[in-house]
file target10.cif (mmCIF, C-alpha atoms (C1' of nucleotides))
data_start
loop_
_atom_site.label_atom_id
_atom_site.label_comp_id
_atom_site.auth_asym_id
_atom_site.auth_seq_id
_atom_site.Cartn_x
_atom_site.Cartn_y
_atom_site.Cartn_z
CA MET F 158 -9.88 -28.35 1.58
CA HIS F 159 -8.84 -28.61 -2.03
CA ASN F 160 -9.93 -25.09 -2.67
CA TYR F 161 -6.46 -24.26 -3.98
CA ILE F 162 -7.04 -26.58 -6.86
CA VAL F 163 -10.61 -25.53 -7.37
CA ARG F 164 -9.88 -21.81 -7.34
CA TYR F 165 -6.57 -21.48 -9.07
CA LEU F 166 -5.01 -24.41 -10.67
CA PHE F 167 -7.27 -26.16 -13.08
CA VAL F 168 -10.19 -23.83 -13.44
CA SER F 169 -10.93 -24.85 -16.96
CA LYS F 170 -9.80 -28.45 -16.69
CA PRO F 171 -10.92 -31.67 -15.11
CA ILE F 172 -9.12 -32.12 -11.86
CA SER F 173 -9.47 -35.86 -11.67
CA HIS F 174 -5.88 -36.54 -12.66
CA ILE F 175 -4.76 -34.44 -9.76
CA VAL F 176 -7.11 -35.30 -6.96
CA HIS F 177 -7.19 -38.97 -7.78
CA ARG F 178 -3.62 -39.35 -8.90
CA THR F 179 -1.87 -42.33 -7.44
CA THR F 180 1.63 -41.64 -8.63
CA ASN F 181 4.34 -42.52 -6.19
CA ALA F 182 6.88 -39.83 -6.93
CA PRO F 183 10.40 -40.27 -5.59
CA GLN F 184 10.26 -39.29 -1.95
CA ARG F 185 12.33 -36.24 -1.17
CA CYS F 186 13.47 -37.56 2.18
CA ALA F 187 15.15 -40.37 0.33
CA MET F 188 17.04 -37.86 -1.82
CA SER F 189 18.53 -35.71 0.88
CA LYS F 190 22.02 -36.17 -0.55
CA LYS F 191 20.94 -34.74 -3.89
CA ASP F 192 19.00 -31.96 -2.26
CA GLU F 193 22.07 -30.54 -0.61
CA ARG F 194 22.36 -27.80 -3.19
CA GLU F 195 24.43 -29.63 -5.75
CA PRO F 196 25.71 -26.85 -8.04
CA SER F 197 23.51 -26.60 -11.09
CA THR F 198 24.91 -27.08 -14.57
CA LEU F 199 22.98 -23.94 -15.45
CA ASP F 200 25.56 -21.89 -13.59
CA SER F 201 28.26 -23.15 -15.94
CA MET F 202 26.41 -21.95 -19.03
CA LEU F 203 27.36 -18.44 -20.05
CA CYS F 204 24.00 -17.82 -21.65
CA PHE F 205 22.23 -18.47 -18.36
CA THR F 206 24.75 -16.48 -16.35
CA VAL F 207 24.23 -13.51 -18.62
CA TYR F 208 20.46 -13.96 -18.43
CA SER F 209 20.40 -14.14 -14.64
CA THR F 210 22.95 -11.35 -14.22
CA ALA F 211 20.79 -9.09 -16.35
CA HIS F 212 17.91 -9.74 -13.97
CA ALA F 213 20.18 -9.17 -10.99
CA PHE F 214 21.21 -5.78 -12.40
CA ASN F 215 17.59 -4.96 -13.00
CA ARG F 216 16.67 -5.70 -9.42
CA ALA F 217 19.69 -3.84 -8.08
CA TYR F 218 18.82 -0.76 -10.12
CA LYS F 219 15.15 -0.83 -9.21
CA PRO F 220 15.24 0.93 -5.82
CA LEU F 221 17.69 3.54 -7.12
CA LEU F 222 15.71 4.23 -10.28
CA ASP F 223 12.41 4.34 -8.42
CA ALA F 224 13.70 7.62 -6.99
CA LEU F 225 13.91 8.96 -10.55
CA GLY F 226 10.61 7.40 -11.60
CA LEU F 227 12.31 5.35 -14.31
CA THR F 228 12.51 1.68 -15.20
CA TYR F 229 15.88 0.32 -16.26
CA PRO F 230 15.14 0.32 -20.01
CA GLN F 231 13.78 3.84 -19.66
CA TYR F 232 16.97 4.80 -17.86
CA LEU F 233 18.99 3.47 -20.78
CA ALA F 234 16.91 5.49 -23.22
CA MET F 235 17.44 8.64 -21.15
CA PHE F 236 21.12 7.84 -20.87
CA ALA F 237 21.41 7.64 -24.64
CA LEU F 238 19.76 11.05 -24.91
CA TRP F 239 21.99 12.57 -22.23
CA GLU F 240 24.93 11.48 -24.33
CA ARG F 241 23.46 12.78 -27.53
CA ASP F 242 20.15 14.58 -27.69
CA ASP F 243 17.86 14.53 -30.71
CA LEU F 244 17.98 10.88 -31.75
CA SER F 245 15.64 9.22 -34.18
CA VAL F 246 13.92 6.07 -33.00
CA LYS F 247 16.09 4.12 -35.37
CA GLU F 248 19.30 5.62 -34.03
CA MET F 249 18.28 4.92 -30.47
CA GLY F 250 17.36 1.40 -31.48
CA GLU F 251 20.85 0.87 -32.86
CA LEU F 252 22.44 2.21 -29.69
CA LEU F 253 20.29 0.09 -27.39
CA HIS F 254 19.91 -2.93 -29.69
CA LEU F 255 16.14 -2.60 -29.57
CA ASP F 256 13.48 -2.27 -32.25
CA SER F 257 10.55 0.08 -32.67
CA GLY F 258 8.09 -2.39 -31.19
CA THR F 259 9.92 -1.98 -27.90
CA LEU F 260 10.91 1.66 -28.14
CA THR F 261 7.70 3.24 -29.37
CA PRO F 262 5.62 2.48 -26.28
CA LEU F 263 8.58 3.12 -23.97
CA LEU F 264 9.19 6.54 -25.49
CA LYS F 265 5.49 7.35 -25.33
CA ARG F 266 5.64 6.69 -21.59
CA LEU F 267 8.64 8.98 -21.23
CA GLU F 268 6.76 11.62 -23.18
CA ALA F 269 3.68 11.16 -21.03
CA VAL F 270 5.68 12.00 -17.90
CA GLY F 271 7.27 14.98 -19.64
CA LEU F 272 10.87 13.83 -19.97
CA VAL F 273 11.09 13.73 -23.76
CA LYS F 274 9.30 15.08 -26.78
CA ARG F 275 8.56 13.10 -29.93
CA ALA F 276 8.23 14.86 -33.25
CA ARG F 277 8.32 13.86 -36.89
CA ASP F 278 11.41 15.09 -38.64
CA THR F 279 10.36 17.93 -40.93
CA ALA F 280 13.02 16.95 -43.46
CA ASP F 281 12.01 13.28 -43.55
CA GLU F 282 8.58 12.60 -42.19
CA ARG F 283 9.22 8.89 -41.88
CA SER F 284 11.49 9.37 -38.93
CA VAL F 285 10.51 10.49 -35.43
CA ARG F 286 13.06 12.47 -33.50
CA ILE F 287 13.33 12.23 -29.73
CA ARG F 288 14.48 15.23 -27.75
CA LEU F 289 14.92 15.88 -24.06
CA THR F 290 12.61 18.35 -22.38
CA PRO F 291 14.18 20.64 -19.75
CA ALA F 292 12.87 18.21 -17.13
CA GLY F 293 14.50 15.31 -18.97
CA ALA F 294 17.81 17.11 -19.22
CA ALA F 295 17.64 18.14 -15.56
CA LEU F 296 17.16 14.55 -14.44
CA ARG F 297 20.74 13.87 -15.40
CA LEU F 298 21.94 15.65 -12.27
CA LYS F 299 20.17 13.14 -10.06
CA GLU F 300 21.70 10.26 -11.92
CA ASN F 301 25.17 10.16 -10.36
CA LYS F 302 23.96 8.45 -7.21
CA VAL F 303 22.52 5.66 -9.31
CA LYS F 304 25.79 4.70 -10.94
CA GLN F 305 27.71 4.93 -7.67
CA GLY F 306 25.18 2.71 -5.94
CA ILE F 307 25.52 -0.01 -8.52
CA LEU F 308 29.29 0.07 -8.74
CA GLY F 309 29.56 -0.87 -5.10
CA ALA F 310 27.06 -3.71 -5.42
CA CYS F 311 29.01 -5.35 -8.24
CA GLY F 312 31.83 -6.27 -5.89
CA VAL F 313 34.61 -5.98 -8.47
CA THR F 314 37.52 -3.65 -8.87
CA PRO F 315 37.20 -1.09 -11.65
CA ASP F 316 39.98 -2.86 -13.57
CA ASP F 317 38.31 -6.26 -13.39
CA LEU F 318 35.06 -4.65 -14.37
CA LYS F 319 36.65 -3.08 -17.39
CA SER F 320 38.21 -6.31 -18.61
CA LEU F 321 35.04 -8.28 -17.93
CA ASN F 322 33.05 -5.74 -19.89
CA ALA F 323 35.42 -5.87 -22.82
CA GLN F 324 35.21 -9.66 -22.99
CA LEU F 325 31.44 -9.59 -22.89
CA VAL F 326 31.25 -6.95 -25.60
CA ARG F 327 33.26 -9.31 -27.81
CA VAL F 328 30.87 -12.17 -27.11
CA ARG F 329 27.84 -10.00 -27.74
CA ASP F 330 29.15 -8.63 -31.00
CA SER F 331 30.11 -12.11 -32.12
CA LEU F 332 26.62 -13.36 -31.36
CA ASN F 333 25.09 -10.49 -33.28
CA GLU F 334 27.28 -11.20 -36.27
CA HIS F 335 26.25 -14.86 -36.33
CA THR F 336 22.54 -14.00 -36.40
CA MET H 14 0.25 14.12 -46.33
CA HIS H 15 0.52 14.16 -42.58
CA ASN H 16 -1.45 10.98 -42.33
CA TYR H 17 1.35 9.43 -40.32
CA ILE H 18 0.72 11.87 -37.56
CA VAL H 19 -3.04 11.63 -37.84
CA ARG H 20 -3.13 7.84 -37.84
CA TYR H 21 -0.44 6.83 -35.45
CA LEU H 22 1.37 9.34 -33.45
CA PHE H 23 -0.89 11.62 -31.54
CA VAL H 24 -4.26 10.03 -31.85
CA SER H 25 -5.49 11.26 -28.52
CA LYS H 26 -3.56 14.48 -28.39
CA PRO H 27 -3.55 17.88 -30.03
CA ILE H 28 -1.03 17.82 -32.80
CA SER H 29 -0.45 21.54 -32.94
CA HIS H 30 2.88 21.36 -31.15
CA ILE H 31 4.08 19.01 -33.82
CA VAL H 32 2.73 20.36 -37.03
CA HIS H 33 3.32 23.95 -36.14
CA ARG H 34 6.54 23.48 -34.27
CA THR H 35 9.15 26.04 -35.06
CA THR H 36 12.03 24.54 -33.14
CA ASN H 37 15.37 24.85 -34.81
CA ALA H 38 16.99 21.61 -33.75
CA PRO H 39 20.71 21.21 -34.32
CA GLN H 40 21.12 20.34 -37.94
CA ARG H 41 22.55 16.91 -38.50
CA CYS H 42 24.60 17.95 -41.52
CA ALA H 43 26.46 20.29 -39.23
CA MET H 44 27.26 17.43 -36.89
CA SER H 45 28.73 15.00 -39.34
CA LYS H 46 31.89 14.63 -37.25
CA LYS H 47 29.84 13.51 -34.28
CA ASP H 48 27.72 11.22 -36.38
CA GLU H 49 30.70 9.13 -37.38
CA ARG H 50 29.81 6.43 -34.90
CA GLU H 51 31.61 7.76 -31.88
CA PRO H 52 31.66 4.83 -29.45
CA SER H 53 28.83 5.12 -26.98
CA THR H 54 29.50 5.35 -23.26
CA LEU H 55 26.80 2.73 -22.90
CA ASP H 56 29.22 0.12 -24.21
CA SER H 57 31.55 0.84 -21.30
CA MET H 58 28.86 0.13 -18.72
CA LEU H 59 28.77 -3.47 -17.60
CA CYS H 60 25.06 -3.31 -16.79
CA PHE H 61 24.27 -2.37 -20.36
CA THR H 62 26.67 -4.90 -21.83
CA VAL H 63 25.02 -7.64 -19.80
CA TYR H 64 21.58 -6.38 -20.79
CA SER H 65 22.38 -6.27 -24.48
CA THR H 66 24.29 -9.56 -24.42
CA ALA H 67 21.27 -11.25 -22.86
CA HIS H 68 19.19 -10.05 -25.80
CA ALA H 69 21.87 -11.17 -28.23
CA PHE H 70 21.82 -14.67 -26.72
CA ASN H 71 18.06 -14.67 -26.93
CA ARG H 72 18.12 -13.82 -30.60
CA ALA H 73 20.88 -16.33 -31.30
CA TYR H 74 18.94 -19.11 -29.59
CA LYS H 75 15.66 -18.25 -31.26
CA PRO H 76 16.11 -20.07 -34.59
CA LEU H 77 17.60 -23.11 -32.86
CA LEU H 78 14.89 -23.30 -30.24
CA ASP H 79 12.13 -22.75 -32.76
CA ALA H 80 12.96 -26.26 -33.94
CA LEU H 81 12.09 -27.53 -30.46
CA GLY H 82 9.06 -25.29 -30.14
CA LEU H 83 10.52 -23.56 -27.07
CA THR H 84 11.30 -20.01 -26.07
CA TYR H 85 14.56 -19.39 -24.27
CA PRO H 86 13.05 -19.13 -20.77
CA GLN H 87 11.06 -22.29 -21.48
CA TYR H 88 14.28 -23.96 -22.56
CA LEU H 89 15.87 -23.02 -19.24
CA ALA H 90 12.91 -24.48 -17.36
CA MET H 91 13.19 -27.72 -19.34
CA PHE H 92 16.93 -27.74 -18.78
CA ALA H 93 16.43 -27.50 -15.03
CA LEU H 94 14.05 -30.47 -15.20
CA TRP H 95 16.42 -32.49 -17.37
CA GLU H 96 19.02 -32.02 -14.65
CA ARG H 97 16.62 -32.86 -11.86
CA ASP H 98 13.06 -33.90 -12.47
CA ASP H 99 10.25 -33.28 -10.02
CA LEU H 100 10.90 -29.71 -8.91
CA SER H 101 8.50 -27.52 -7.01
CA VAL H 102 7.80 -24.11 -8.49
CA LYS H 103 9.76 -22.58 -5.65
CA GLU H 104 12.78 -24.80 -6.28
CA MET H 105 12.74 -24.00 -9.98
CA GLY H 106 12.39 -20.34 -9.10
CA GLU H 107 15.54 -20.53 -7.00
CA LEU H 108 17.46 -22.27 -9.76
CA LEU H 109 16.37 -19.81 -12.45
CA HIS H 110 16.18 -16.71 -10.23
CA LEU H 111 12.53 -16.23 -11.18
CA ASP H 112 9.35 -15.91 -9.14
CA SER H 113 5.96 -17.58 -9.42
CA GLY H 114 4.46 -14.70 -11.32
CA THR H 115 6.84 -15.54 -14.14
CA LEU H 116 6.94 -19.30 -13.79
CA THR H 117 3.28 -20.14 -13.32
CA PRO H 118 2.12 -19.04 -16.78
CA LEU H 119 5.32 -20.33 -18.40
CA LEU H 120 4.81 -23.78 -16.87
CA LYS H 121 1.16 -23.78 -17.83
CA ARG H 122 2.26 -23.28 -21.43
CA LEU H 123 4.72 -26.15 -21.18
CA GLU H 124 1.93 -28.29 -19.74
CA ALA H 125 -0.44 -27.23 -22.51
CA VAL H 126 1.97 -28.57 -25.14
CA GLY H 127 2.46 -31.77 -23.16
CA LEU H 128 6.08 -31.41 -22.03
CA VAL H 129 5.49 -31.24 -18.27
CA LYS H 130 2.82 -32.09 -15.75
CA ARG H 131 1.85 -29.91 -12.79
CA ALA H 132 0.43 -31.48 -9.66
CA ARG H 133 -0.07 -30.44 -6.06
CA ASP H 134 2.27 -32.23 -3.70
CA THR H 135 0.16 -34.74 -1.75
CA ALA H 136 2.37 -34.26 1.31
CA ASP H 137 2.15 -30.45 1.22
CA GLU H 138 -0.66 -29.12 -0.86
CA ARG H 139 0.76 -25.62 -0.90
CA SER H 140 3.46 -26.64 -3.31
CA VAL H 141 3.07 -27.62 -6.95
CA ARG H 142 5.49 -30.16 -8.31
CA ILE H 143 6.62 -30.09 -11.92
CA ARG H 144 7.50 -33.33 -13.66
CA LEU H 145 8.59 -34.16 -17.18
CA THR H 146 6.25 -36.11 -19.38
CA PRO H 147 7.81 -38.75 -21.66
CA ALA H 148 7.66 -36.19 -24.45
CA GLY H 149 9.41 -33.66 -22.25
CA ALA H 150 12.15 -36.10 -21.32
CA ALA H 151 12.55 -37.17 -24.94
CA LEU H 152 13.11 -33.59 -26.07
CA ARG H 153 16.46 -33.66 -24.33
CA LEU H 154 17.90 -35.73 -27.17
CA LYS H 155 17.23 -32.96 -29.67
CA GLU H 156 18.90 -30.42 -27.45
CA ASN H 157 22.56 -31.11 -28.21
CA LYS H 158 22.47 -29.29 -31.50
CA VAL H 159 21.25 -26.19 -29.71
CA LYS H 160 24.21 -25.92 -27.38
CA GLN H 161 26.70 -26.64 -30.15
CA GLY H 162 25.15 -23.97 -32.33
CA ILE H 163 25.50 -21.32 -29.67
CA LEU H 164 29.02 -22.21 -28.64
CA GLY H 165 30.26 -21.46 -32.11
CA ALA H 166 28.45 -18.14 -32.29
CA CYS H 167 30.05 -16.88 -29.06
CA GLY H 168 33.44 -16.67 -30.72
CA VAL H 169 35.46 -17.49 -27.60
CA THR H 170 37.64 -20.40 -26.62
CA PRO H 171 36.18 -22.77 -24.03
CA ASP H 172 38.78 -21.59 -21.52
CA ASP H 173 37.98 -17.92 -21.97
CA LEU H 174 34.32 -18.74 -21.78
CA LYS H 175 34.82 -20.56 -18.51
CA SER H 176 36.74 -17.71 -16.91
CA LEU H 177 34.33 -15.12 -18.23
CA ASN H 178 31.45 -17.12 -16.83
CA ALA H 179 33.07 -17.43 -13.42
CA GLN H 180 33.67 -13.68 -13.22
CA LEU H 181 30.08 -12.92 -14.15
CA VAL H 182 28.73 -15.38 -11.60
CA ARG H 183 30.68 -13.49 -8.95
CA VAL H 184 29.19 -10.18 -10.08
CA ARG H 185 25.69 -11.63 -10.18
CA ASP H 186 25.91 -13.16 -6.75
CA SER H 187 27.36 -9.96 -5.35
CA LEU H 188 24.48 -7.99 -6.83
CA ASN H 189 21.98 -10.41 -5.37
CA GLU H 190 23.55 -10.12 -1.94
CA HIS H 191 23.38 -6.34 -2.05
CA THR H 192 19.65 -6.34 -2.80
"C1'" DT R 36 7.54 11.68 -64.91
"C1'" DC R 37 5.61 7.31 -63.00
"C1'" DC R 38 6.12 3.32 -60.49
"C1'" DT R 39 8.46 -0.01 -57.77
"C1'" DA R 40 11.48 -0.85 -53.83
"C1'" DT R 41 13.15 0.64 -49.55
"C1'" DT R 42 12.97 2.92 -45.21
"C1'" DT R 43 10.78 4.17 -40.99
"C1'" DG R 44 7.91 3.77 -37.26
"C1'" DA R 45 3.36 2.11 -35.43
"C1'" DT R 46 0.39 -1.71 -34.46
"C1'" DT R 47 -1.04 -6.32 -32.96
"C1'" DG R 48 -0.40 -10.43 -30.57
"C1'" DT R 49 2.41 -13.50 -27.66
"C1'" DT R 50 5.62 -14.20 -24.02
"C1'" DT R 51 8.52 -12.69 -20.26
"C1'" DA R 52 9.33 -10.31 -15.79
"C1'" DC R 53 8.05 -8.51 -11.46
"C1'" DA R 54 5.49 -5.94 -7.57
"C1'" DA R 55 1.60 -6.31 -4.83
"C1'" DT R 56 -2.13 -8.79 -3.35
"C1'" DT R 57 -4.85 -12.89 -2.26
"C1'" DA R 58 -5.98 -17.60 -0.82
"C1'" DA R 59 -5.03 -21.88 0.97
"C1'" DA R 60 -2.20 -24.95 3.63
"C1'" DT R 61 1.03 -25.62 7.08
"C1'" DT R 62 3.75 -24.47 11.21
"C1'" DG R 63 4.42 -22.66 15.63
"C1'" DT R 64 2.74 -21.19 19.97
"C1'" DA R 65 0.00 -20.27 23.85
"C1'" DT G 43 -6.74 -27.55 20.79
"C1'" DA G 44 -7.32 -22.82 18.83
"C1'" DC G 45 -5.19 -19.17 16.46
"C1'" DA G 46 -1.63 -16.23 14.71
"C1'" DA G 47 2.36 -16.30 11.62
"C1'" DT G 48 4.57 -18.23 7.77
"C1'" DT G 49 4.92 -20.48 3.39
"C1'" DT G 50 3.54 -21.41 -1.27
"C1'" DA G 51 1.39 -20.36 -5.68
"C1'" DA G 52 -1.90 -17.92 -8.24
"C1'" DT G 53 -3.66 -13.60 -9.69
"C1'" DT G 54 -3.71 -8.79 -11.28
"C1'" DG G 55 -1.67 -4.96 -13.37
"C1'" DT G 56 2.22 -2.77 -15.64
"C1'" DA G 57 6.19 -2.78 -18.55
"C1'" DA G 58 9.40 -4.80 -21.53
"C1'" DA G 59 10.80 -7.56 -25.83
"C1'" DC G 60 10.08 -9.14 -30.35
"C1'" DA G 61 7.90 -11.21 -34.69
"C1'" DA G 62 4.86 -10.11 -38.21
"C1'" DT G 63 2.31 -6.87 -40.50
"C1'" DC G 64 0.89 -2.33 -42.10
"C1'" DA G 65 1.01 2.53 -43.70
"C1'" DA G 66 3.26 6.46 -45.11
"C1'" DA G 67 7.23 8.76 -46.95
"C1'" DT G 68 11.18 8.68 -49.61
"C1'" DA G 69 14.55 7.03 -53.02
"C1'" DG G 70 15.76 5.04 -57.39
"C1'" DG G 71 15.19 3.43 -61.92
"C1'" DA G 72 12.91 3.12 -66.46
#
call {"tool": "encode", "arguments": {"input": "target10.cif", "output": "C-alpha cells"}}
result
Amino acid sequence: MHNYIVRYLFVSKPISHIVHRTTNAPQRCAMSKKDEREPSTLDSMLCFTVYSTAHAFNRAYKPLLDALGLTYPQYLAMFALWERDDLSVKEMGELLHLDSGTLTPLLKRLEAVGLVKRARDTADERSVRIRLTPAGAALRLKENKVKQGILGACGVTPDDLKSLNAQLVRVRDSLNEHT
Amino acid sequence: MHNYIVRYLFVSKPISHIVHRTTNAPQRCAMSKKDEREPSTLDSMLCFTVYSTAHAFNRAYKPLLDALGLTYPQYLAMFALWERDDLSVKEMGELLHLDSGTLTPLLKRLEAVGLVKRARDTADERSVRIRLTPAGAALRLKENKVKQGILGACGVTPDDLKSLNAQLVRVRDSLNEHT
DNA sequence: TCCTATTTGATTGTTTACAATTAAATTGTA
DNA sequence: TACAATTTAATTGTAAACAATCAAATAGGA
C-alpha cells in the first residue's frame, strides 16, 4: 500500500515522519482562487525567462537535430567549425562561451562518430586543434532544414527577432563584464 | 615529450594518425586578416544568444548564491516556494518548465540541507508535496541582495528589461506550443 | 642558460537536464 | 465490483556545464 514510500522515497531514511505525520496542510480545495493559475513572479524575471527559453529552444531543436545525430551543444560546436574550420579548443571555447571541461568530452564524442578530428598542434603542443572530417563538412548540407524549422516555431518576425537578439547580446555581454 | 598525447588524449586509441600526421593545415599566420575577431554568425542566432545568456546569468548569480548555499536551479525552486508554499513536484515542474527527473534529485538535495520537506500527499499518495522548513522560509530574507546584484550587472534600464522580458516570454511560449 | 610563471587542455567530482522506463495509486468503465 | 487506462514520481542512463586541480609545453626573465 505504501510501497511507493518503501521502494523509492526514503530508502535510506526512517519513514516515520511521513507515514505518521499529522500535519494539517492547507487544503487545496480551500485555495481554489489561488490555484487559478495566478501568473508567477518568475515570469517577470529576465533571468528565469532566459533560462526557460534556453530549455524551450533545446526541446524545439531536439527532433530536428535527432535527424543529424547531434545534441544542441554539439550542433553549436559543428556550426562554429562550419564557419571556420581548424579551431583550437580554446578558440572554440571563446566562441561558445564554454570551457575545456565541457568541450573536451563533447569533442571526443564528435570524434567518436567521425565528424571531427582532434590533433595536437605541431607548432604548439599545448593546444589541440579541431578539424572537420569530410563527413563533418558534408553534414552542413543537411543543416538548412534545422534553422528553417526553428524560425517558424519562434513566432516572431525576422525584424523583431533581430532587435530582440541585439538587446539580449547587450545584456549577456554586460553580465560577462561584471563577472 | 609527447607525454600529453600518451597520458590524456588517445589513451585507448592508436596514436599513429596524430604523431605521424602529415596534414598541411591552413597556416594561421597566413590567415591573420580572418583572425582579427570577425564577428561570429553565432551571435546573430537568437537560439545561441539565449543559450549563452543563460550561462552568463548562471555565472553572474554564482558568487551571490554561494552565500546562500544554493545553485541557480535550486534558487528557482526556493523562489517558487517563497511565492507559494506547498507545491507538488508536478506543480513546481510546470512553474519551472522542468520534469521529475530533474526535480527529484534537486529537491532531495534541498531536503538534505534542511530547506524543504518532502511528503506524500495523504489525499493522493501518488503526489509528493514540497514545503518550506522554517530555515527555508527564513532564507528569503537574505535573498534581496541577490536580485539587486544581478539587476546592476544586466546593464539595462528597468523599462528595457521589462519589454525585453515580455518579448522573450512570447518566443518561449511560441516554442513550447510548437513542440 | 636555467628557472619560474603562464598557457593549454585533460581530469575529477558535483549538479543539472531529459528520454525512457518502471511502480504505485487513482480514475474511469463495463 | 473488477480491470484497464491514466497520473504521478522515481529510476536509469546519457550528456552537458563548471569548479578545482593537474600535467605538459611554452614563454619570459635573471
call {"tool": "atom_distance", "arguments": {"input": "target10.cif", "atom1": "atom CA of Leu128 of chain H", "atom2": "atom CA of Gly82 of chain H"}}
result
10.6 Å
call {"tool": "resolve_selection", "arguments": {"input": "target10.cif", "expression": "the PyMOL selection byres ((chain R and resi 40) around 9)", "output": "list in words"}}
result
DT39 and DT41 of chain R; DA69 and DG70 of chain G
call {"tool": "write_last_selection", "arguments": {"input": "target10.cif", "atoms": "C-alpha atoms (C1' of nucleotides)", "output": "mmCIF file, in the frame of the given file"}}
result
data_model
loop_
_atom_site.group_PDB
_atom_site.id
_atom_site.type_symbol
_atom_site.label_atom_id
_atom_site.label_comp_id
_atom_site.auth_asym_id
_atom_site.auth_seq_id
_atom_site.Cartn_x
_atom_site.Cartn_y
_atom_site.Cartn_z
ATOM 1 C "C1'" DT R 39 8.460 -0.010 -57.770
ATOM 2 C "C1'" DT R 41 13.150 0.640 -49.550
ATOM 3 C "C1'" DA G 69 14.550 7.030 -53.020
ATOM 4 C "C1'" DG G 70 15.760 5.040 -57.390
#
call {"tool": "closest_residue", "arguments": {"input": "target10.cif", "among": "F:Glu268, F:Glu334, F:Glu251, F:Asp316", "to": "Arg72 of chain H", "atoms": "all atoms listed in the file"}}
result
F:Glu334
call {"tool": "interface_residues", "arguments": {"input": "target10.cif", "of": "chain F", "to": "chain R", "cutoff": "8 Å", "atoms": "all atoms listed in the file", "output": "PyMOL selection string"}}
result
chain F and resi 160-161+246-247+257-258+261+283-285
call {"tool": "resolve_selection", "arguments": {"input": "target10.cif", "expression": "the PyMOL selection byres ((chain F) within 10 of (chain G))", "output": "list in words"}}
result
Tyr161, Arg164, Tyr165, Leu166, Thr228, Tyr229, Pro230, Gln231, Leu255, Asp256, Ser257, Gly258, Thr259, Leu260, Pro262, Leu263, Arg266, Asp281, Glu282, Arg283 and Ser284 of chain F
call {"tool": "decode", "arguments": {"input": "target10.cif", "residues": "segment 100-113 of chain H", "atoms": "N, CA and C atoms", "output": "PDB file, in the first residue's frame"}}
result
ATOM      1  N   LEU H 100       3.889  22.984  -2.784  1.00  0.00           N
ATOM      2  CA  LEU H 100       3.704  22.635  -4.192  1.00  0.00           C
ATOM      3  C   LEU H 100       3.956  21.146  -4.371  1.00  0.00           C
ATOM      4  N   SER H 101       3.216  20.524  -5.261  1.00  0.00           N
ATOM      5  CA  SER H 101       3.582  19.169  -5.652  1.00  0.00           C
ATOM      6  C   SER H 101       4.750  19.260  -6.632  1.00  0.00           C
ATOM      7  N   VAL H 102       5.422  18.161  -6.823  1.00  0.00           N
ATOM      8  CA  VAL H 102       6.532  18.128  -7.779  1.00  0.00           C
ATOM      9  C   VAL H 102       6.028  18.515  -9.164  1.00  0.00           C
ATOM     10  N   LYS H 103       4.860  18.031  -9.489  1.00  0.00           N
ATOM     11  CA  LYS H 103       4.294  18.330 -10.812  1.00  0.00           C
ATOM     12  C   LYS H 103       4.028  19.831 -10.965  1.00  0.00           C
ATOM     13  N   GLU H 104       3.464  20.434  -9.922  1.00  0.00           N
ATOM     14  CA  GLU H 104       3.168  21.858  -9.993  1.00  0.00           C
ATOM     15  C   GLU H 104       4.463  22.668 -10.133  1.00  0.00           C
ATOM     16  N   MET H 105       5.460  22.297  -9.361  1.00  0.00           N
ATOM     17  CA  MET H 105       6.733  23.001  -9.471  1.00  0.00           C
ATOM     18  C   MET H 105       7.327  22.791 -10.861  1.00  0.00           C
ATOM     19  N   GLY H 106       7.184  21.588 -11.379  1.00  0.00           N
ATOM     20  CA  GLY H 106       7.674  21.303 -12.711  1.00  0.00           C
ATOM     21  C   GLY H 106       7.019  22.190 -13.768  1.00  0.00           C
ATOM     22  N   GLU H 107       5.725  22.453 -13.581  1.00  0.00           N
ATOM     23  CA  GLU H 107       5.036  23.324 -14.545  1.00  0.00           C
ATOM     24  C   GLU H 107       5.529  24.761 -14.416  1.00  0.00           C
ATOM     25  N   LEU H 108       5.748  25.196 -13.198  1.00  0.00           N
ATOM     26  CA  LEU H 108       6.227  26.557 -12.988  1.00  0.00           C
ATOM     27  C   LEU H 108       7.628  26.751 -13.568  1.00  0.00           C
ATOM     28  N   LEU H 109       8.494  25.776 -13.357  1.00  0.00           N
ATOM     29  CA  LEU H 109       9.896  25.916 -13.751  1.00  0.00           C
ATOM     30  C   LEU H 109      10.190  25.288 -15.117  1.00  0.00           C
ATOM     31  N   HIS H 110       9.198  24.684 -15.732  1.00  0.00           N
ATOM     32  CA  HIS H 110       9.385  24.006 -17.014  1.00  0.00           C
ATOM     33  C   HIS H 110      10.412  22.887 -16.878  1.00  0.00           C
ATOM     34  N   LEU H 111      10.317  22.123 -15.811  1.00  0.00           N
ATOM     35  CA  LEU H 111      11.260  21.025 -15.584  1.00  0.00           C
ATOM     36  C   LEU H 111      10.475  19.760 -15.252  1.00  0.00           C
ATOM     37  N   ASP H 112      11.069  18.606 -15.486  1.00  0.00           N
ATOM     38  CA  ASP H 112      10.368  17.363 -15.179  1.00  0.00           C
ATOM     39  C   ASP H 112      10.921  16.710 -13.916  1.00  0.00           C
ATOM     40  N   SER H 113      10.295  15.596 -13.537  1.00  0.00           N
ATOM     41  CA  SER H 113      10.643  14.979 -12.254  1.00  0.00           C
ATOM     42  C   SER H 113      12.068  14.434 -12.249  1.00  0.00           C
TER      43      SER H 113
END
